[in-house]
$ cat entry-v8.pdb   # PDB, C-alpha atoms
MODEL        1
ATOM      1  CA  MET A   1     146.165 100.505  71.280  1.00  0.00           C
ATOM      2  CA  THR A   2     143.308 102.998  71.028  1.00  0.00           C
ATOM      3  CA  SER A   3     141.625 103.781  74.367  1.00  0.00           C
ATOM      4  CA  ASN A   4     138.011 102.749  75.082  1.00  0.00           C
ATOM      5  CA  ARG A   5     137.142 106.429  75.629  1.00  0.00           C
ATOM      6  CA  THR A   6     138.524 107.303  72.213  1.00  0.00           C
ATOM      7  CA  ARG A   7     136.652 104.414  70.571  1.00  0.00           C
ATOM      8  CA  SER A   8     133.410 105.538  72.232  1.00  0.00           C
ATOM      9  CA  LEU A   9     133.923 109.106  71.076  1.00  0.00           C
ATOM     10  CA  CYS A  10     134.605 107.896  67.537  1.00  0.00           C
ATOM     11  CA  ARG A  11     131.452 105.811  67.487  1.00  0.00           C
ATOM     12  CA  ALA A  12     129.405 108.753  68.769  1.00  0.00           C
ATOM     13  CA  ALA A  13     130.852 111.004  66.079  1.00  0.00           C
ATOM     14  CA  LEU A  14     130.110 108.443  63.392  1.00  0.00           C
ATOM     15  CA  CYS A  15     126.532 108.097  64.588  1.00  0.00           C
ATOM     16  CA  ALA A  16     126.132 111.858  64.564  1.00  0.00           C
ATOM     17  CA  GLY A  17     127.694 112.084  61.119  1.00  0.00           C
ATOM     18  CA  ALA A  18     130.371 114.454  62.403  1.00  0.00           C
ATOM     19  CA  LEU A  19     133.252 112.663  60.758  1.00  0.00           C
ATOM     20  CA  CYS A  20     132.065 110.831  57.693  1.00  0.00           C
ATOM     21  CA  ALA A  21     134.214 107.907  56.587  1.00  0.00           C
ATOM     22  CA  LEU A  22     136.248 107.838  59.820  1.00  0.00           C
ATOM     23  CA  PRO A  23     136.808 104.131  60.476  1.00  0.00           C
ATOM     24  CA  ALA A  24     139.122 104.697  63.422  1.00  0.00           C
ATOM     25  CA  CYS A  25     140.557 107.546  65.391  1.00  0.00           C
ATOM     26  CA  GLY A  26     142.982 108.163  68.189  1.00  0.00           C
ATOM     27  CA  GLY A  27     146.625 107.398  68.461  1.00  0.00           C
ATOM     28  CA  ASP A  28     148.376 104.195  69.309  1.00  0.00           C
ATOM     29  CA  ASP A  29     149.123 104.190  73.037  1.00  0.00           C
ATOM     30  CA  ASP A  30     152.214 102.114  72.316  1.00  0.00           C
ATOM     31  CA  ASP A  31     153.484 104.437  69.574  1.00  0.00           C
ATOM     32  CA  PRO A  32     156.724 106.075  70.714  1.00  0.00           C
ATOM     33  CA  ALA A  33     156.042 108.992  68.377  1.00  0.00           C
ATOM     34  CA  THR A  34     153.355 110.340  70.704  1.00  0.00           C
ATOM     35  CA  ASP A  35     153.297 111.451  74.305  1.00  0.00           C
ATOM     36  CA  GLY A  36     150.119 109.509  75.147  1.00  0.00           C
ATOM     37  CA  ASP A  37     146.889 108.814  73.351  1.00  0.00           C
ATOM     38  CA  ALA A  38     144.156 111.096  72.086  1.00  0.00           C
ATOM     39  CA  ALA A  39     142.728 111.420  75.589  1.00  0.00           C
ATOM     40  CA  SER A  40     145.945 113.067  76.788  1.00  0.00           C
ATOM     41  CA  ALA A  41     145.546 115.809  74.230  1.00  0.00           C
ATOM     42  CA  ASP A  42     142.361 117.068  75.856  1.00  0.00           C
ATOM     43  CA  ALA A  43     143.689 116.832  79.394  1.00  0.00           C
ATOM     44  CA  GLY A  44     145.553 120.122  78.974  1.00  0.00           C
ATOM     45  CA  GLY A  45     142.495 122.364  79.095  1.00  0.00           C
ATOM     46  CA  SER A  46     143.042 123.622  75.581  1.00  0.00           C
ATOM     47  CA  PRO A  47     140.128 125.102  73.648  1.00  0.00           C
ATOM     48  CA  ASP A  48     137.861 123.555  71.150  1.00  0.00           C
ATOM     49  CA  ALA A  49     140.029 124.744  68.264  1.00  0.00           C
ATOM     50  CA  ALA A  50     137.252 124.280  65.759  1.00  0.00           C
ATOM     51  CA  ALA A  51     134.382 125.813  67.718  1.00  0.00           C
ATOM     52  CA  GLY A  52     136.224 128.148  70.095  1.00  0.00           C
ATOM     53  CA  GLY A  53     135.420 127.116  73.675  1.00  0.00           C
ATOM     54  CA  GLY A  54     135.461 124.556  76.458  1.00  0.00           C
ATOM     55  CA  GLY A  55     138.027 121.772  76.497  1.00  0.00           C
ATOM     56  CA  PHE A  56     140.003 120.771  73.438  1.00  0.00           C
ATOM     57  CA  ASP A  57     137.776 118.941  70.985  1.00  0.00           C
ATOM     58  CA  GLU A  58     140.180 116.810  68.989  1.00  0.00           C
ATOM     59  CA  MET A  59     137.433 115.285  66.857  1.00  0.00           C
ATOM     60  CA  ALA A  60     135.998 118.679  65.869  1.00  0.00           C
ATOM     61  CA  THR A  61     139.498 119.941  65.096  1.00  0.00           C
ATOM     62  CA  VAL A  62     140.208 116.898  62.921  1.00  0.00           C
ATOM     63  CA  ALA A  63     136.827 117.286  61.185  1.00  0.00           C
ATOM     64  CA  ALA A  64     137.526 120.963  60.424  1.00  0.00           C
ATOM     65  CA  ALA A  65     141.030 120.147  59.178  1.00  0.00           C
ATOM     66  CA  ARG A  66     139.760 117.317  56.955  1.00  0.00           C
ATOM     67  CA  ASP A  67     137.398 119.797  55.273  1.00  0.00           C
ATOM     68  CA  PHE A  68     140.220 122.246  54.494  1.00  0.00           C
ATOM     69  CA  ALA A  69     139.350 122.427  50.783  1.00  0.00           C
ATOM     70  CA  GLY A  70     135.606 122.654  51.450  1.00  0.00           C
ATOM     71  CA  GLY A  71     135.569 125.998  53.198  1.00  0.00           C
ATOM     72  CA  GLY A  72     136.923 128.033  56.044  1.00  0.00           C
ATOM     73  CA  PHE A  73     140.535 127.562  54.929  1.00  0.00           C
ATOM     74  CA  THR A  74     142.674 129.538  52.491  1.00  0.00           C
ATOM     75  CA  ARG A  75     145.273 127.848  50.347  1.00  0.00           C
ATOM     76  CA  VAL A  76     148.551 129.634  51.111  1.00  0.00           C
ATOM     77  CA  SER A  77     150.939 127.738  48.801  1.00  0.00           C
ATOM     78  CA  ALA A  78     150.619 128.371  45.081  1.00  0.00           C
ATOM     79  CA  ASP A  79     152.518 125.197  44.237  1.00  0.00           C
ATOM     80  CA  ALA A  80     153.317 122.023  46.130  1.00  0.00           C
ATOM     81  CA  VAL A  81     156.857 121.971  47.520  1.00  0.00           C
ATOM     82  CA  PRO A  82     159.120 119.094  48.574  1.00  0.00           C
ATOM     83  CA  SER A  83     158.197 117.782  51.985  1.00  0.00           C
ATOM     84  CA  GLN A  84     160.198 116.964  55.083  1.00  0.00           C
ATOM     85  CA  HIS A  85     157.340 114.610  55.973  1.00  0.00           C
ATOM     86  CA  ALA A  86     156.853 111.078  54.684  1.00  0.00           C
ATOM     87  CA  SER A  87     155.013 112.401  51.621  1.00  0.00           C
ATOM     88  CA  ALA A  88     156.701 113.730  48.500  1.00  0.00           C
ATOM     89  CA  GLN A  89     155.263 117.250  48.597  1.00  0.00           C
ATOM     90  CA  VAL A  90     152.982 119.564  50.579  1.00  0.00           C
ATOM     91  CA  ILE A  91     150.552 122.455  50.157  1.00  0.00           C
ATOM     92  CA  VAL A  92     149.846 124.687  53.178  1.00  0.00           C
ATOM     93  CA  TRP A  93     146.315 125.825  54.121  1.00  0.00           C
ATOM     94  CA  ALA A  94     145.274 128.153  56.978  1.00  0.00           C
ATOM     95  CA  ASN A  95     141.898 128.775  58.584  1.00  0.00           C
ATOM     96  CA  GLY A  96     140.629 132.330  59.166  1.00  0.00           C
ATOM     97  CA  PRO A  97     142.224 132.950  62.586  1.00  0.00           C
ATOM     98  CA  ALA A  98     145.597 131.552  61.397  1.00  0.00           C
ATOM     99  CA  LEU A  99     145.843 133.257  57.999  1.00  0.00           C
ATOM    100  CA  ASP A 100     147.193 136.734  58.809  1.00  0.00           C
ATOM    101  CA  PRO A 101     149.651 135.567  61.486  1.00  0.00           C
ATOM    102  CA  TYR A 102     150.908 132.829  59.167  1.00  0.00           C
ATOM    103  CA  LEU A 103     151.360 135.237  56.256  1.00  0.00           C
ATOM    104  CA  SER A 104     153.501 137.467  58.505  1.00  0.00           C
ATOM    105  CA  VAL A 105     156.169 134.730  58.678  1.00  0.00           C
ATOM    106  CA  MET A 106     158.938 134.444  56.090  1.00  0.00           C
ATOM    107  CA  PRO A 107     160.956 131.208  55.982  1.00  0.00           C
ATOM    108  CA  ASP A 108     164.336 132.991  56.068  1.00  0.00           C
ATOM    109  CA  ASP A 109     163.357 135.635  58.650  1.00  0.00           C
ATOM    110  CA  GLY A 110     163.511 134.806  62.334  1.00  0.00           C
ATOM    111  CA  ASP A 111     162.266 138.233  63.433  1.00  0.00           C
ATOM    112  CA  ALA A 112     158.526 137.793  62.884  1.00  0.00           C
ATOM    113  CA  ARG A 113     156.477 137.398  66.062  1.00  0.00           C
ATOM    114  CA  PRO A 114     153.074 136.167  64.871  1.00  0.00           C
ATOM    115  CA  ASP A 115     150.240 136.107  67.375  1.00  0.00           C
ATOM    116  CA  PHE A 116     148.191 133.010  66.550  1.00  0.00           C
ATOM    117  CA  PRO A 117     144.901 133.118  68.465  1.00  0.00           C
ATOM    118  CA  ALA A 118     143.280 130.041  69.990  1.00  0.00           C
ATOM    119  CA  GLY A 119     141.366 128.243  67.252  1.00  0.00           C
ATOM    120  CA  SER A 120     144.064 128.772  64.594  1.00  0.00           C
ATOM    121  CA  ILE A 121     144.459 125.675  62.428  1.00  0.00           C
ATOM    122  CA  LEU A 122     147.200 125.055  59.851  1.00  0.00           C
ATOM    123  CA  VAL A 123     146.964 122.093  57.477  1.00  0.00           C
ATOM    124  CA  LYS A 124     149.713 120.623  55.336  1.00  0.00           C
ATOM    125  CA  GLU A 125     148.087 118.718  52.505  1.00  0.00           C
ATOM    126  CA  GLN A 126     150.481 115.815  51.960  1.00  0.00           C
ATOM    127  CA  GLN A 127     150.744 114.600  48.367  1.00  0.00           C
ATOM    128  CA  LYS A 128     152.393 111.691  46.598  1.00  0.00           C
ATOM    129  CA  ASP A 129     154.799 112.232  43.666  1.00  0.00           C
ATOM    130  CA  ASP A 130     151.892 112.194  41.205  1.00  0.00           C
ATOM    131  CA  GLY A 131     150.007 114.900  43.163  1.00  0.00           C
ATOM    132  CA  SER A 132     147.415 112.522  44.576  1.00  0.00           C
ATOM    133  CA  PRO A 133     146.452 112.944  48.255  1.00  0.00           C
ATOM    134  CA  ASP A 134     148.500 111.094  50.843  1.00  0.00           C
ATOM    135  CA  ALA A 135     147.398 112.514  54.244  1.00  0.00           C
ATOM    136  CA  ILE A 136     147.213 115.791  56.139  1.00  0.00           C
ATOM    137  CA  THR A 137     149.250 117.053  59.045  1.00  0.00           C
ATOM    138  CA  VAL A 138     147.640 119.551  61.387  1.00  0.00           C
ATOM    139  CA  MET A 139     148.720 122.215  63.871  1.00  0.00           C
ATOM    140  CA  ALA A 140     145.950 123.651  66.047  1.00  0.00           C
ATOM    141  CA  LYS A 141     146.336 126.449  68.602  1.00  0.00           C
ATOM    142  CA  ALA A 142     144.918 125.915  72.094  1.00  0.00           C
ATOM    143  CA  ASP A 143     143.961 128.335  74.891  1.00  0.00           C
ATOM    144  CA  PRO A 144     146.798 130.476  76.235  1.00  0.00           C
ATOM    145  CA  GLY A 145     148.546 128.676  79.061  1.00  0.00           C
ATOM    146  CA  SER A 146     147.360 125.179  78.165  1.00  0.00           C
ATOM    147  CA  ASP A 147     150.883 124.168  77.070  1.00  0.00           C
ATOM    148  CA  PRO A 148     153.190 127.192  77.432  1.00  0.00           C
ATOM    149  CA  GLU A 149     156.328 125.162  76.680  1.00  0.00           C
ATOM    150  CA  ARG A 150     155.046 124.568  73.129  1.00  0.00           C
ATOM    151  CA  ASP A 151     153.186 127.867  72.739  1.00  0.00           C
ATOM    152  CA  ASP A 152     149.882 125.964  73.114  1.00  0.00           C
ATOM    153  CA  TRP A 153     150.153 124.075  69.797  1.00  0.00           C
ATOM    154  CA  TRP A 154     148.653 120.599  69.193  1.00  0.00           C
ATOM    155  CA  TRP A 155     149.761 118.348  66.291  1.00  0.00           C
ATOM    156  CA  ALA A 156     148.218 115.455  64.330  1.00  0.00           C
ATOM    157  CA  ARG A 157     148.504 113.363  61.186  1.00  0.00           C
ATOM    158  CA  VAL A 158     145.244 112.264  59.580  1.00  0.00           C
ATOM    159  CA  GLU A 159     145.243 109.612  56.870  1.00  0.00           C
ATOM    160  CA  ASN A 160     142.993 109.803  53.792  1.00  0.00           C
ATOM    161  CA  ASP A 161     140.596 107.291  55.353  1.00  0.00           C
ATOM    162  CA  GLY A 162     140.152 109.598  58.366  1.00  0.00           C
ATOM    163  CA  ARG A 163     142.287 107.536  60.725  1.00  0.00           C
ATOM    164  CA  VAL A 164     144.319 109.697  63.121  1.00  0.00           C
ATOM    165  CA  SER A 165     147.833 108.210  63.071  1.00  0.00           C
ATOM    166  CA  PHE A 166     149.080 110.368  65.920  1.00  0.00           C
ATOM    167  CA  SER A 167     147.946 113.436  67.793  1.00  0.00           C
ATOM    168  CA  GLY A 168     148.675 115.668  70.755  1.00  0.00           C
ATOM    169  CA  GLN A 169     152.194 116.588  71.796  1.00  0.00           C
ATOM    170  CA  VAL A 170     154.005 114.587  69.122  1.00  0.00           C
ATOM    171  CA  ASP A 171     157.747 114.491  69.766  1.00  0.00           C
ATOM    172  CA  PHE A 172     158.944 114.477  66.177  1.00  0.00           C
ATOM    173  CA  CYS A 173     156.608 117.364  65.224  1.00  0.00           C
ATOM    174  CA  ILE A 174     157.799 119.358  68.214  1.00  0.00           C
ATOM    175  CA  ASP A 175     161.458 118.580  67.530  1.00  0.00           C
ATOM    176  CA  CYS A 176     161.146 119.759  63.922  1.00  0.00           C
ATOM    177  CA  HIS A 177     159.279 122.975  64.808  1.00  0.00           C
ATOM    178  CA  ARG A 178     161.306 123.819  67.949  1.00  0.00           C
ATOM    179  CA  PRO A 179     163.960 125.830  66.029  1.00  0.00           C
ATOM    180  CA  ARG A 180     161.107 128.152  64.996  1.00  0.00           C
ATOM    181  CA  ALA A 181     159.647 128.515  68.514  1.00  0.00           C
ATOM    182  CA  ASP A 182     160.393 132.255  68.517  1.00  0.00           C
ATOM    183  CA  VAL A 183     158.557 132.593  65.190  1.00  0.00           C
ATOM    184  CA  GLY A 184     155.273 131.031  66.280  1.00  0.00           C
ATOM    185  CA  TRP A 185     156.598 127.492  65.737  1.00  0.00           C
ATOM    186  CA  VAL A 186     155.966 127.862  61.984  1.00  0.00           C
ATOM    187  CA  PHE A 187     158.168 128.131  58.892  1.00  0.00           C
ATOM    188  CA  GLY A 188     156.021 130.173  56.512  1.00  0.00           C
ATOM    189  CA  VAL A 189     155.742 130.067  52.729  1.00  0.00           C
ATOM    190  CA  PRO A 190     158.070 132.183  50.561  1.00  0.00           C
ATOM    191  CA  PRO A 191     156.243 135.117  48.927  1.00  0.00           C
ATOM    192  CA  ALA A 192     157.150 133.769  45.468  1.00  0.00           C
ATOM    193  CA  ASN A 193     155.106 130.626  46.214  1.00  0.00           C
ATOM    194  CA  ARG A 194     152.089 132.264  47.820  1.00  0.00           C
ATOM    195  CA  ARG A 195     148.746 131.973  46.158  1.00  0.00           C
ATOM    196  CA  GLU A 196     147.213 135.365  45.558  1.00  0.00           C
TER     197      GLU A 196
ENDMDL
END
$ encode --input "entry-v8.pdb" --output "structure tokens"
Amino acid sequence: MTSNRTRSLCRAALCAGALCALPACGGDDDDPATDGDAASADAGGSPDAAAGGGGFDEMATVAAARDFAGGGFTRVSADAVPSQHASAQVIVWANGPALDPYLSVMPDDGDARPDFPAGSILVKEQQKDDGSPDAITVMAKADPGSDPERDDWWWARVENDGRVSFSGQVDFCIDCHRPRADVGWVFGVPPANRRE
């Protein structure tokens, strides 16, 4: 169930036009895939990943991530690759602060030590078999020390209609990325599939 605070924030964002076409947001409090609802994600004192200050602004982060193709993000993957997510294939995008650290990571090399600054956002554009959009998954970097156990990362899945399926410290995202904790919690894109 979405919290009243989250519903109020969503309505305010809709009225302000911040997240066009967002009929609902926030996680499902009863969803075992998340460690709490959207409100728990901003309780950690993490930064506004989209605007760079204050407490974590989940809605601004989601809005920035949803506009990945509209500006501020660079497409890293040349071609879509098979996905470990529910979708058939993915394309990786990185915002300005995340781009250089992300490009320093090679999938088969565990020696890279990227330094992702607060405000880094990575988007996986999820696609169906036919290449049509399915959803996006998001990693956003918070202030140092806001969640040291997970290197200050925050995760989300945003459906095409703008609905946030889950967000925050999502167990199955963390479990998948944990083997790459020493490499910035990311897997990288092979050089042969990088868009130049």
$ residues_around --input "entry-v8.pdb" --residues "segment 130-137 of chain A" --least-positions-apart "4" --cutoff "12 Å" --atoms "only C-alpha atoms" --output "number ranges by chain"
A: 61-69, 79-94, 121-126, 154-168, 170, 173
$ closest_residue --input "entry-v8.pdb" --among "A:Gln169, A:Asn193, A:Thr74, A:Ser104" --to "Ser146 of chain A" --atoms "all atoms listed in the file"
A:Gln169
$ closest_residue --input "entry-v8.pdb" --among "A:Gly119, A:Ser77, A:Met106, A:Asp147" --to "Arg194 of chain A" --atoms "only C-alpha atoms"
A:Ser77
$ resolve_selection --input "entry-v8.pdb" --expression "the PyMOL selection byres ((chain A and resi 96) around 8)" --output "compact mmCIF listing (two decimals) with C-alpha atoms, keeping the file's coordinate frame"
# COMPACT_ATOMS: atom_id res chain seq x y z
CA GLY A 72 136.92 128.03 56.04
CA PHE A 73 140.54 127.56 54.93
CA THR A 74 142.67 129.54 52.49
CA ALA A 94 145.27 128.15 56.98
CA ASN A 95 141.90 128.78 58.58
CA PRO A 97 142.22 132.95 62.59
CA ALA A 98 145.60 131.55 61.40
CA LEU A 99 145.84 133.26 58.00
CA ASP A 100 147.19 136.73 58.81
CA SER A 120 144.06 128.77 64.59
$ atom_distance --input "entry-v8.pdb" --atom1 "atom CA of Val105 of chain A" --atom2 "atom CA of Pro191 of chain A"
9.8 Å
$ atom_distance --input "entry-v8.pdb" --atom1 "atom CA of Pro107 of chain A" --atom2 "atom CA of Ala60 of chain A"
29.6 Å
$ resolve_selection --input "entry-v8.pdb" --expression "the PyMOL selection byres ((chain A and resi 196) around 9)" --output "list in words"
Val76, Ala78, Arg194 and Arg195 of chain A
$ resolve_selection --input "entry-v8.pdb" --expression "the PyMOL selection byres ((chain A and resi 177) around 12)" --output "NGL selection string"
:A and (84 or 139 or 150-151 or 153-155 or 169-176 or 178-188)
$ axis_aligned_box --input "entry-v8.pdb" --around "segment 96-99 of chain A" --padding-each-side "5 Å" --output "lines of an AutoDock Vina configuration file"
center_x = 143.2
center_y = 132.4
center_z = 60.3
size_x = 15.2
size_y = 11.7
size_z = 14.6
